[in-house]
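**Q** run-v9.cif is the file, holding mmCIF, C-alpha atoms and all ligand atoms:
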data_start
#
loop_
_atom_site.label_atom_id
_atom_site.label_comp_id
_atom_site.auth_asym_id
_atom_site.auth_seq_id
_atom_site.Cartn_x
_atom_site.Cartn_y
_atom_site.Cartn_z
CA MET A 177 0.00 0.00 0.00
CA LYS A 178 2.92 2.37 0.58
CA PHE A 179 3.47 2.58 -3.16
CA LEU A 180 -0.13 3.63 -3.67
CA ILE A 181 0.08 6.32 -1.02
CA LEU A 182 3.21 7.75 -2.57
CA LEU A 183 1.52 7.96 -5.96
CA PHE A 184 -1.38 9.84 -4.45
CA MET A 185 0.92 12.30 -2.78
CA THR A 186 2.49 13.14 -6.10
CA THR A 187 -0.69 13.10 -8.12
CA PHE A 188 -2.73 15.50 -6.05
CA CYS A 189 -0.86 18.40 -4.56
CA PHE A 190 -3.12 21.30 -5.43
CA ALA A 191 -4.80 22.22 -2.19
CA ALA A 192 -3.21 24.94 -0.08
CA PHE A 193 -4.31 23.50 3.25
CA SER A 194 -6.46 20.44 3.07
CA GLY A 195 -8.60 19.33 0.20
CA ASP A 196 -11.85 21.12 -0.46
CA LYS A 197 -12.15 20.46 -4.23
CA ALA A 198 -15.11 18.33 -5.30
CA GLU A 199 -14.58 18.40 -9.07
CA GLU A 200 -14.92 14.64 -9.42
CA GLY A 201 -16.55 12.09 -7.20
CA ALA A 202 -16.59 8.30 -7.00
CA TYR A 203 -18.17 5.58 -4.95
CA ILE A 204 -15.71 2.91 -3.92
CA TYR A 205 -16.73 -0.55 -2.72
CA ASP A 206 -14.44 -1.37 0.17
CA PHE A 207 -15.77 -4.18 2.32
CA ASP A 208 -12.45 -4.85 4.07
CA LYS A 209 -11.59 -1.16 4.53
CA SER A 210 -8.26 -1.55 2.77
CA ILE A 211 -8.80 1.15 0.15
CA ILE A 212 -10.04 3.83 2.53
CA GLN A 213 -6.90 3.41 4.59
CA SER A 214 -4.65 4.26 1.71
CA LEU A 215 -6.80 7.06 0.31
CA SER A 216 -7.58 8.86 3.57
CA VAL A 217 -3.95 9.84 4.12
CA ASN A 218 -4.14 12.05 1.06
CA GLN A 219 -4.92 15.59 2.09
CA ASP A 220 -6.37 16.48 -1.32
CA LEU A 221 -9.15 13.92 -1.14
CA ILE A 222 -12.46 14.21 0.64
CA ILE A 223 -13.80 11.01 2.17
CA ASP A 224 -17.53 10.99 2.86
CA HIS A 225 -20.40 8.77 3.96
CA VAL A 226 -18.45 5.70 4.99
CA THR A 227 -20.55 2.55 5.40
CA ARG A 228 -19.84 -1.15 5.77
CA SER A 229 -19.82 -1.53 1.98
CA GLY A 230 -17.70 1.42 0.96
CA PHE A 231 -17.45 5.20 0.81
CA GLU A 232 -17.62 8.28 -1.37
CA VAL A 233 -14.46 10.08 -2.40
CA TYR A 234 -14.22 13.54 -3.95
CA GLY A 235 -11.24 15.43 -5.26
CA PRO A 236 -9.71 17.57 -7.98
CA ALA A 237 -10.08 16.75 -11.67
CA GLY A 238 -7.98 13.68 -12.42
CA LEU A 239 -9.32 11.61 -9.54
CA LEU A 240 -11.26 9.24 -11.82
CA THR A 241 -8.33 8.77 -14.19
CA PHE A 242 -6.17 8.00 -11.25
CA LEU A 243 -8.57 5.40 -9.83
CA LYS A 244 -8.78 3.77 -13.26
CA ARG A 245 -5.04 3.76 -13.76
CA HIS A 246 -4.53 2.04 -10.43
CA ASN A 247 -7.32 -0.48 -10.87
CA ILE A 248 -9.28 0.73 -7.89
CA PRO A 249 -12.83 -0.43 -8.59
CA HIS A 250 -15.13 2.58 -8.44
CA VAL A 251 -18.29 4.10 -9.80
CA ASP A 252 -18.27 7.60 -11.25
CA LEU A 253 -20.86 9.47 -9.18
CA ALA A 254 -21.60 11.88 -12.02
CA LYS A 255 -22.81 8.91 -14.07
CA VAL A 256 -24.83 7.05 -11.46
CA GLU A 257 -26.37 9.68 -9.23
CA PHE A 258 -30.01 9.84 -10.12
CA PHE A 259 -31.85 13.04 -9.45
CA ASP A 260 -35.56 12.86 -9.89
CA THR A 261 -36.08 16.61 -10.01
CA ARG A 262 -39.77 16.46 -10.91
CA ASN A 263 -41.80 18.85 -8.74
CA TYR A 264 -38.79 20.12 -6.79
CA PRO A 265 -38.73 23.90 -6.43
CA THR A 266 -35.83 25.83 -7.95
CA PRO A 267 -33.62 27.85 -5.60
CA GLU A 268 -35.56 30.95 -6.69
CA GLU A 269 -38.85 29.24 -5.83
CA ILE A 270 -37.47 28.30 -2.41
CA ASN A 271 -36.79 31.99 -1.82
CA SER A 272 -40.36 32.86 -2.83
CA GLN A 273 -41.60 30.23 -0.38
CA ILE A 274 -39.55 31.84 2.39
CA ARG A 275 -41.02 35.24 1.52
CA SER A 276 -44.59 33.85 1.52
CA ILE A 277 -44.06 32.30 4.95
CA HIS A 278 -43.00 35.75 6.13
CA GLN A 279 -46.16 37.25 4.59
CA LYS A 280 -48.31 34.82 6.57
CA ASN A 281 -47.27 36.50 9.80
CA PRO A 282 -44.89 39.48 9.50
CA GLN A 283 -45.24 40.05 13.27
CA ILE A 284 -43.10 37.04 14.08
CA THR A 285 -40.93 36.68 10.97
CA GLN A 286 -38.20 38.61 9.25
CA VAL A 287 -36.55 37.72 5.96
CA PHE A 288 -32.96 38.74 5.63
CA LEU A 289 -30.42 38.45 2.89
CA ILE A 290 -27.30 36.68 4.12
CA GLY A 291 -25.70 37.53 0.79
CA ARG A 292 -25.33 36.21 -2.74
CA SER A 293 -23.76 32.99 -3.99
CA VAL A 294 -20.97 32.78 -6.57
CA GLN A 295 -23.61 32.90 -9.34
CA GLY A 296 -25.49 35.73 -7.66
CA ARG A 297 -28.35 33.75 -6.14
CA GLU A 298 -29.83 35.12 -2.94
CA ILE A 299 -29.03 33.16 0.22
CA LEU A 300 -31.96 33.99 2.47
CA GLY A 301 -32.52 33.52 6.15
CA LEU A 302 -35.75 33.66 8.08
CA LYS A 303 -35.87 34.83 11.67
CA ILE A 304 -38.84 33.59 13.69
CA SER A 305 -39.53 35.10 17.11
CA ASP A 306 -42.03 37.28 18.92
CA ASN A 307 -41.13 40.99 18.66
CA VAL A 308 -39.08 39.91 15.69
CA GLN A 309 -37.72 43.36 14.86
CA GLU A 310 -36.05 43.54 18.26
CA ASP A 311 -32.94 41.77 19.45
CA GLU A 312 -34.59 40.47 22.59
CA LEU A 313 -32.86 38.76 25.45
CA GLU A 314 -33.59 35.24 24.25
CA PRO A 315 -31.21 32.43 23.28
CA GLU A 316 -30.33 32.41 19.58
CA PHE A 317 -30.78 29.22 17.63
CA LYS A 318 -29.86 28.38 14.03
CA TYR A 319 -30.66 25.74 11.40
CA ILE A 320 -28.68 25.66 8.15
CA SER A 321 -29.26 23.22 5.35
CA SER A 322 -27.83 21.98 2.10
CA MET A 323 -24.31 23.35 2.15
CA HIS A 324 -23.85 20.31 -0.08
CA GLY A 325 -26.08 21.27 -2.99
CA ASP A 326 -27.12 17.74 -3.89
CA GLU A 327 -28.23 16.91 -0.34
CA ILE A 328 -31.68 18.37 -0.72
CA THR A 329 -33.94 16.81 1.94
CA GLY A 330 -32.99 19.34 4.61
CA ARG A 331 -33.82 22.33 2.42
CA GLU A 332 -37.35 21.04 1.96
CA LEU A 333 -37.73 20.17 5.65
CA MET A 334 -36.56 23.64 6.69
CA VAL A 335 -39.22 25.35 4.59
CA ARG A 336 -41.91 23.06 6.01
CA LEU A 337 -40.70 23.57 9.56
CA ALA A 338 -40.65 27.37 9.16
CA ASP A 339 -44.16 27.22 7.77
CA ASP A 340 -45.39 25.11 10.69
CA LEU A 341 -43.73 27.36 13.29
CA VAL A 342 -45.43 30.38 11.75
CA SER A 343 -48.82 28.72 11.25
CA GLY A 344 -48.74 27.12 14.69
CA TYR A 345 -47.99 30.37 16.48
CA GLY A 346 -50.96 31.28 18.68
CA ALA A 347 -52.69 28.01 17.89
CA ASP A 348 -50.28 25.40 19.22
CA GLN A 349 -49.07 25.92 22.78
CA ARG A 350 -45.72 24.20 22.33
CA ILE A 351 -44.85 26.24 19.24
CA THR A 352 -46.10 29.49 20.74
CA GLN A 353 -43.96 29.06 23.82
CA LEU A 354 -40.93 28.23 21.69
CA VAL A 355 -41.36 31.23 19.37
CA ASP A 356 -42.06 33.56 22.31
CA ASN A 357 -38.85 32.62 24.10
CA THR A 358 -36.33 31.86 21.37
CA GLU A 359 -34.79 33.68 18.42
CA ILE A 360 -34.90 31.06 15.70
CA TYR A 361 -32.92 31.55 12.49
CA ILE A 362 -33.43 29.22 9.54
CA ILE A 363 -31.25 29.23 6.43
CA PRO A 364 -32.72 26.52 4.17
CA SER A 365 -30.20 26.74 1.37
CA MET A 366 -26.57 27.65 1.98
CA ASN A 367 -25.44 26.49 -1.45
CA PRO A 368 -28.18 27.38 -3.96
CA ASP A 369 -25.81 27.15 -6.95
CA GLY A 370 -24.89 23.60 -6.00
CA SER A 371 -28.57 22.69 -5.64
CA ALA A 372 -29.36 24.29 -9.02
CA MET A 373 -26.63 22.11 -10.57
CA ARG A 374 -27.46 19.16 -8.31
CA ARG A 375 -23.94 18.78 -7.12
CA ARG A 376 -22.01 18.75 -3.88
CA GLY A 377 -19.73 21.72 -4.38
CA ASN A 378 -20.61 25.34 -5.03
CA ALA A 379 -20.30 26.97 -8.47
CA ASN A 380 -16.50 26.74 -8.13
CA ASN A 381 -16.84 23.05 -7.25
CA ILE A 382 -15.56 23.62 -3.75
CA ASP A 383 -16.90 21.51 -0.90
CA LEU A 384 -18.16 24.17 1.54
CA ASN A 385 -18.00 21.71 4.42
CA ARG A 386 -14.22 21.51 4.00
CA ASN A 387 -13.81 25.25 3.52
CA PHE A 388 -14.06 26.60 7.10
CA PRO A 389 -11.14 27.39 9.42
CA ASP A 390 -10.02 24.32 11.35
CA PHE A 391 -8.19 24.50 14.68
CA SER A 392 -6.36 21.24 14.01
CA THR A 393 -4.84 22.13 10.61
CA SER A 394 -2.55 24.86 9.32
CA ASP A 395 -5.69 26.81 8.31
CA ASN A 396 -6.29 27.58 11.96
CA GLN A 397 -7.11 31.28 12.01
CA ASN A 398 -10.72 32.37 12.11
CA ILE A 399 -10.33 34.74 9.18
CA LEU A 400 -12.19 35.07 5.89
CA GLY A 401 -9.06 34.85 3.73
CA ASN A 402 -9.73 33.54 0.25
CA ARG A 403 -12.55 31.18 1.17
CA GLN A 404 -15.64 30.70 -0.93
CA VAL A 405 -18.19 33.50 -0.82
CA GLU A 406 -20.85 31.23 0.73
CA THR A 407 -18.45 30.26 3.53
CA LYS A 408 -17.52 33.89 4.17
CA LEU A 409 -21.17 34.91 4.33
CA ILE A 410 -21.93 32.34 7.02
CA MET A 411 -18.77 33.36 8.92
CA GLU A 412 -19.81 37.02 8.87
CA PHE A 413 -23.36 36.18 9.82
CA GLN A 414 -22.24 34.00 12.73
CA LYS A 415 -20.06 36.83 14.02
CA SER A 416 -23.03 39.19 14.04
CA ARG A 417 -25.10 37.01 16.41
CA ASN A 418 -24.79 35.03 19.63
CA PHE A 419 -25.84 31.57 18.52
CA ALA A 420 -25.69 28.93 21.24
CA LEU A 421 -27.12 25.85 19.53
CA SER A 422 -27.46 24.88 15.90
CA ALA A 423 -27.66 22.03 13.44
CA ASN A 424 -26.74 21.68 9.81
CA PHE A 425 -28.48 19.23 7.53
CA HIS A 426 -27.03 16.78 5.06
CA GLY A 427 -28.10 13.67 3.20
CA GLY A 428 -26.60 10.41 2.01
CA ALA A 429 -27.01 8.71 5.39
CA ALA A 430 -29.42 8.71 8.31
CA VAL A 431 -27.59 9.57 11.53
CA MET A 432 -27.08 12.30 14.11
CA ASN A 433 -23.41 13.29 14.15
CA TYR A 434 -21.71 15.12 17.04
CA ALA A 435 -18.36 16.88 17.47
CA TRP A 436 -15.51 16.70 17.12
CA ASP A 437 -15.13 15.90 13.44
CA THR A 438 -11.52 16.90 13.04
CA ILE A 439 -9.77 15.33 16.05
CA ARG A 440 -10.07 12.08 17.92
CA ASP A 441 -10.28 13.76 21.37
CA ARG A 442 -13.47 13.81 23.36
CA HIS A 443 -15.37 17.06 23.18
CA PRO A 444 -15.43 18.90 26.54
CA LEU A 445 -19.23 18.56 26.56
CA HIS A 446 -19.20 14.99 25.22
CA ASP A 447 -21.92 13.61 27.49
CA LEU A 448 -24.26 16.46 26.66
CA LEU A 449 -23.60 15.99 22.95
CA VAL A 450 -24.47 12.31 23.20
CA GLU A 451 -27.59 13.12 25.19
CA LEU A 452 -28.83 15.67 22.65
CA SER A 453 -27.96 13.36 19.76
CA LEU A 454 -29.89 10.49 21.33
CA ASP A 455 -32.80 12.81 21.98
CA TYR A 456 -32.97 13.63 18.26
CA ALA A 457 -32.41 10.07 17.06
CA ASN A 458 -34.94 8.57 19.49
CA ARG A 459 -37.65 10.71 18.00
CA VAL A 460 -37.03 9.51 14.43
CA ASP A 461 -37.56 5.76 14.11
CA TYR A 462 -35.64 5.24 10.88
CA ILE A 463 -32.63 7.02 12.41
CA LYS A 464 -32.87 5.27 15.79
CA ASN A 465 -33.14 1.86 14.10
CA SER A 466 -30.18 2.46 11.79
CA ASP A 467 -28.29 -0.70 10.90
CA GLU A 468 -25.06 1.26 10.34
CA PHE A 469 -25.00 3.35 13.54
CA PRO A 470 -25.87 2.06 17.03
CA ASN A 471 -28.85 4.11 18.30
CA GLY A 472 -28.64 6.29 15.19
CA ILE A 473 -25.83 8.50 16.46
CA THR A 474 -22.10 8.78 15.83
CA ASN A 475 -19.14 10.86 16.81
CA GLY A 476 -17.91 12.67 13.70
CA TYR A 477 -14.26 11.65 13.88
CA ALA A 478 -15.13 8.04 14.69
CA TRP A 479 -17.10 7.96 11.43
CA TYR A 480 -14.51 9.73 9.29
CA GLU A 481 -12.31 12.75 9.79
CA VAL A 482 -13.52 16.06 8.42
CA ASN A 483 -11.12 18.98 8.12
CA GLY A 484 -12.54 22.45 7.56
CA GLY A 485 -16.08 21.50 8.55
CA MET A 486 -18.69 23.96 9.78
CA GLN A 487 -19.66 21.98 12.89
CA ASP A 488 -16.31 22.16 14.70
CA TRP A 489 -15.62 25.73 13.54
CA SER A 490 -18.93 26.85 14.93
CA TYR A 491 -18.26 25.62 18.46
CA TYR A 492 -14.53 26.19 18.61
CA TRP A 493 -14.68 29.85 17.66
CA HIS A 494 -18.24 30.88 18.43
CA ASN A 495 -19.43 28.77 21.36
CA ASP A 496 -22.28 27.61 19.11
CA LEU A 497 -22.86 23.91 19.79
CA GLN A 498 -23.50 22.51 16.32
CA PHE A 499 -24.67 19.06 15.24
CA THR A 500 -24.73 17.52 11.78
CA VAL A 501 -27.92 15.71 10.91
CA GLU A 502 -27.84 13.27 8.00
CA LEU A 503 -31.52 13.18 7.14
CA SER A 504 -31.99 10.61 4.42
CA ILE A 505 -30.00 7.85 2.79
CA PRO A 506 -30.98 9.06 -0.68
CA LYS A 507 -29.40 12.50 -1.02
CA TRP A 508 -32.12 13.57 -3.40
CA PRO A 509 -35.25 11.50 -2.76
CA THR A 510 -38.23 11.53 -5.06
CA TYR A 511 -40.19 14.67 -4.21
CA SER A 512 -43.24 12.68 -3.10
CA GLN A 513 -41.12 11.23 -0.26
CA ILE A 514 -40.42 14.63 1.30
CA PRO A 515 -43.63 14.67 3.40
CA TYR A 516 -42.59 11.29 4.83
CA TYR A 517 -39.21 12.66 5.94
CA TYR A 518 -40.80 15.79 7.33
CA GLU A 519 -43.44 13.92 9.35
CA LYS A 520 -40.76 11.60 10.73
CA ASN A 521 -38.46 14.47 11.75
CA LYS A 522 -40.90 17.22 12.72
CA ASP A 523 -41.06 16.48 16.44
CA ALA A 524 -37.28 16.02 16.64
CA LEU A 525 -36.69 19.30 14.81
CA ILE A 526 -38.86 21.21 17.29
CA ALA A 527 -37.50 19.38 20.35
CA PHE A 528 -33.95 20.12 19.23
CA ILE A 529 -34.70 23.86 19.23
CA GLU A 530 -36.29 23.52 22.67
CA ASN A 531 -33.00 22.14 23.94
CA ILE A 532 -31.44 25.58 23.68
CA HIS A 533 -33.21 26.37 26.93
CA ARG A 534 -30.91 23.95 28.71
CA GLY A 535 -28.45 26.67 29.39
CA ALA A 536 -27.55 29.85 31.18
CA GLY A 537 -26.45 33.28 30.15
CA VAL A 538 -25.74 36.81 31.18
CA LYS A 539 -26.70 40.17 29.75
CA TYR A 540 -24.93 43.37 30.56
CA LYS A 541 -26.50 46.75 30.65
CA GLU A 542 -23.74 49.25 30.93
CA PHE A 543 -24.53 52.90 31.32
CA ILE A 544 -22.29 55.88 30.86
CA ASN A 545 -24.13 59.11 31.59
CA GLY A 546 -27.41 57.26 31.26
CA GLN A 547 -26.57 55.77 27.84
CA ASN A 548 -26.46 52.00 27.39
CA ILE A 549 -23.12 51.14 25.79
CA ALA A 550 -23.25 47.37 26.36
CA GLU A 551 -23.29 46.79 22.59
CA ASN A 552 -19.56 47.52 22.68
CA LEU A 553 -18.84 45.33 25.66
CA ASN A 554 -16.74 42.30 24.72
CA GLY A 555 -14.76 40.05 27.00
CA THR A 556 -14.34 36.50 28.21
CA VAL A 557 -16.12 34.19 30.61
CA ASP A 558 -14.36 31.60 32.76
CA LEU A 559 -17.00 28.99 33.38
CA TYR A 560 -16.92 26.36 36.14
CA LYS A 561 -19.31 23.60 37.02
CA ILE A 562 -19.91 23.29 40.75
CA GLU A 563 -19.80 19.63 41.73
CA SER A 564 -19.92 18.45 45.33
CA GLY A 565 -18.55 21.71 46.58
CA SER A 566 -15.65 22.08 44.16
CA LYS A 567 -15.32 24.11 40.96
CA ASN A 568 -14.40 22.28 37.76
CA LYS A 569 -13.46 24.50 34.87
CA ILE A 570 -15.41 23.96 31.65
CA GLY A 571 -13.46 26.51 29.68
CA THR A 572 -12.96 30.14 28.76
CA PHE A 573 -15.39 31.55 26.23
CA PRO A 574 -15.71 34.87 24.45
CA PHE A 575 -18.76 37.03 24.90
CA PHE A 576 -19.92 39.68 22.48
CA ARG A 577 -21.95 42.82 22.69
CA GLY A 578 -22.58 42.43 26.40
CA GLU A 579 -24.27 39.08 25.93
CA PHE A 580 -23.33 35.46 26.62
CA TYR A 581 -25.41 32.32 26.63
CA LYS A 582 -24.29 28.74 26.72
CA VAL A 583 -26.06 25.38 26.43
CA LEU A 584 -24.91 23.23 29.37
CA PRO A 585 -25.72 20.03 31.24
CA HIS A 586 -28.07 20.54 34.15
CA GLY A 587 -26.30 21.71 37.30
CA GLU A 588 -24.83 24.71 39.07
CA TYR A 589 -22.29 26.97 37.40
CA HIS A 590 -19.90 29.62 38.54
CA PHE A 591 -19.41 32.45 36.04
CA GLU A 592 -16.37 34.70 36.09
CA MET A 593 -16.85 37.51 33.64
CA ASN A 594 -13.73 39.36 32.54
CA LEU A 595 -14.84 42.68 31.22
CA GLY A 596 -11.52 44.27 30.35
CA GLY A 597 -9.64 46.85 32.36
CA GLY A 598 -9.35 44.33 35.20
CA ASP A 599 -13.09 44.44 35.88
CA GLN A 600 -14.59 41.13 36.92
CA ALA A 601 -17.97 39.90 37.99
CA ARG A 602 -18.61 36.54 39.65
CA PHE A 603 -21.91 34.84 40.18
CA VAL A 604 -23.56 31.43 40.34
CA MET A 605 -26.38 30.23 38.10
CA ALA A 606 -28.34 27.02 37.91
CA VAL A 607 -29.15 25.26 34.63
CA ASP A 608 -32.45 23.45 34.99
CA GLY A 609 -34.14 23.92 31.65
CA SER A 610 -36.06 27.03 32.62
CA LEU A 611 -36.84 29.42 29.82
CA ASN A 612 -34.67 32.47 29.20
CA ASN A 613 -32.26 31.72 31.99
CA TYR A 614 -30.25 34.94 32.05
CA ALA A 615 -28.57 36.95 34.78
CA ILE A 616 -28.94 40.67 34.16
CA MET A 617 -25.98 42.77 35.19
CA GLU A 618 -25.98 46.54 35.34
CA ARG A 619 -22.95 48.74 35.53
CA ASN A 620 -23.05 52.50 35.86
CA ARG A 621 -20.00 54.58 35.20
ZN ZN B 1 -23.15 16.63 3.23
#
Please express the file's structure as structure tokens.

**A**
Amino acid sequence: MKFLILLFMTTFCFAAFSGDKAEEGAYIYDFDKSIIQSLSVNQDLIIDHVTRSGFEVYGPAGLLTFLKRHNIPHVDLAKVEFFDTRNYPTPEEINSQIRSIHQKNPQITQVFLIGRSVQGREILGLKISDNVQEDELEPEFKYISSMHGDEITGRELMVRLADDLVSGYGADQRITQLVDNTEIYIIPSMNPDGSAMRRRGNANNIDLNRNFPDFSTSDNQNILGNRQVETKLIMEFQKSRNFALSANFHGGAAVMNYAWDTIRDRHPLHDLLVELSLDYANRVDYIKNSDEFPNGITNGYAWYEVNGGMQDWSYYWHNDLQFTVELSIPKWPTYSQIPYYYEKNKDALIAFIENIHRGAGVKYKEFINGQNIAENLNGTVDLYKIESGSKNKIGTFPFFRGEFYKVLPHGEYHFEMNLGGGDQARFVMAVDGSLNNYAIMERNR
């Protein structure tokens, strides 16, 4: 196998950091896992959706020729992937659907333009909350789908979920309470060009889920740099908010995937991640009963390593606990199957948002001469869990614009806020699932 590895090293050396090109894709049957071992060392290749029978591999142009030349049995994904596009909305129609949902109840919805894709398509978000025009003191939640353009199920589910949250407001008690106490952001289509072309990458054929900063590689600065425009837009958007919990939706498997993706180490909140993953999977029978993944959940790295993924970036730099939900084994099911997937996932999708209220936060109101200047207040929080009388540090986290909120396991927590200039505030809060669990701090100068 060493010979094979060497050849790969010399054949693909285009990527600056780690591979994010998805110009060609293949499915490789690999029952004894011998081929994946030799291919996964190559930094220019993207391994995806590993199962007992094989895996997908993506890479720069030349990948297929290479596989052929080295007699690695494979199937060209461009030739076999079947997209039954009948009845599916276009990206433009998805955006009209988002705008009509807003029209149904403009009191609790706001459409905003995240930005435009490489080909100029609008990437829209929908905010759903009571007093939607205000930035209220409520935890901020986010759903993003279809960063892989050909993984379409999530886009459709997001539109249906948004519609149900808006229609259910005032009629359904569970939904009303959720909308009243949470700022929910839904971005159904992060990669509209890819979806228009029914392919994984964006218009430049870059895999957006390998295009984010990654703390474990040489691309370890949280800067825009020369990333894809869709990646930059999400990075800028994330920076403008205080998201605490989120999920991003994919297809090609049925499993709830939790961090980390990029390193083998246990995540500092591992037990909570497993608990939230099980909570999602248990509500969706075809995920729970998966024959590939015990209980329908998996750690990302244990499945396959992902460098430059959105999930790890989101927590590592922004304290936004993100999960990756693989919604359907067919990436692009027949349109008539979409209601089936939505009905199966609807309760889990709502319950997952509700989980953001397992947390605690703080909001500063800082007055100078009677004027609130907390918008400019940034600092760090040292957070400790109090367990049988002793303090165990969970970590140090940034807080922005005078606001911090974090999803945590139930228990008691000690907050040490470092406000700059040597100013500190210390207090204890309990996490018990109560709604809008914030400490309000006022400073007058
Ligand atoms: Zn995907």

**Q** Against stretch 256-264 of chain A, which residues of stretch 349-444 of chain A fall within 12 Å? For each one I want the closest pair of atoms and the distance in Å (one decimal), counting all atoms listed in the file, rows by chain and increasing residue number, as a Markdown table.

**A**
| residue | atom | partner | partner_atom | distance |
| --- | --- | --- | --- | --- |
| A:Ser371 | CA | A:Tyr264 | CA | 10.6 |
| A:Ala372 | CA | A:Thr261 | CA | 10.3 |
| A:Met373 | CA | A:Phe259 | CA | 10.5 |
| A:Arg374 | CA | A:Phe259 | CA | 7.6 |
| A:Arg375 | CA | A:Glu257 | CA | 9.7 |
| A:Arg376 | CA | A:Glu257 | CA | 11.4 |
| A:Gly428 | CA | A:Glu257 | CA | 11.3 |

**Q** Could you please determine the separation between atom CA of A:Arg440 and atom CA of A:Ala478 in Å, to one decimal place?

**A** 7.2 Å

**Q** Near A:Ala457, counting all atoms listed in the file, which residues have an atom at most 7 Å away, once you skip same-chain residues fewer than 5 positions from it, shown as number ranges by chain?

**A** A: 432, 463-464, 472-473

**Q** For ligand ZN 1 (chain B), list the contacting residues at 12 Å or closer, counting all atoms listed in the file, as a PyMOL selection string.

**A** chain A and resi 198+222-225+232+234+320-330+366-367+370+375-377+383-386+424-431+433+482+485-487+500-508

**Q** So, counting all atoms listed in the file, which residue among A:Trp489, A:Phe603, A:Phe231, A:Phe580 is closest to A:Glu314?

**A**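 Answer, going by the shortest atom-to-atom distance: A:Phe580.
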
**Q** Missing atoms in stretch 553-566 of chain A: fill them in up to N, CA and C atoms and send the result as a compact mmCIF listing (two decimals), in the coordinates of the input.

**A**
# COMPACT_ATOMS: atom_id res chain seq x y z
N LEU A 553 -19.52 46.03 24.57
CA LEU A 553 -18.84 45.33 25.66
C LEU A 553 -18.49 43.90 25.25
N ASN A 554 -17.20 43.65 25.06
CA ASN A 554 -16.74 42.30 24.72
C ASN A 554 -15.76 41.84 25.78
N GLY A 555 -15.69 40.57 26.01
CA GLY A 555 -14.76 40.05 27.00
C GLY A 555 -14.74 38.54 27.00
N THR A 556 -14.36 37.96 28.13
CA THR A 556 -14.34 36.50 28.21
C THR A 556 -15.05 36.05 29.49
N VAL A 557 -15.46 34.80 29.46
CA VAL A 557 -16.12 34.19 30.61
C VAL A 557 -15.33 32.94 30.98
N ASP A 558 -14.89 32.87 32.24
CA ASP A 558 -14.36 31.60 32.76
C ASP A 558 -15.53 30.89 33.42
N LEU A 559 -15.80 29.69 32.93
CA LEU A 559 -17.00 28.99 33.38
C LEU A 559 -16.62 27.72 34.13
N TYR A 560 -17.21 27.54 35.30
CA TYR A 560 -16.92 26.36 36.14
C TYR A 560 -18.21 25.66 36.49
N LYS A 561 -18.17 24.36 36.51
CA LYS A 561 -19.31 23.60 37.02
C LYS A 561 -19.03 23.32 38.51
N ILE A 562 -20.07 23.53 39.32
CA ILE A 562 -19.91 23.29 40.75
C ILE A 562 -20.40 21.87 41.04
N GLU A 563 -19.45 21.03 41.47
CA GLU A 563 -19.80 19.63 41.73
C GLU A 563 -19.29 19.24 43.10
N SER A 564 -20.17 18.78 43.93
CA SER A 564 -19.92 18.45 45.33
C SER A 564 -18.92 19.43 45.96
N GLY A 565 -19.30 20.68 45.88
CA GLY A 565 -18.55 21.71 46.58
C GLY A 565 -17.33 22.26 45.86
N SER A 566 -16.85 21.56 44.82
CA SER A 566 -15.65 22.08 44.16
C SER A 566 -15.99 22.60 42.75
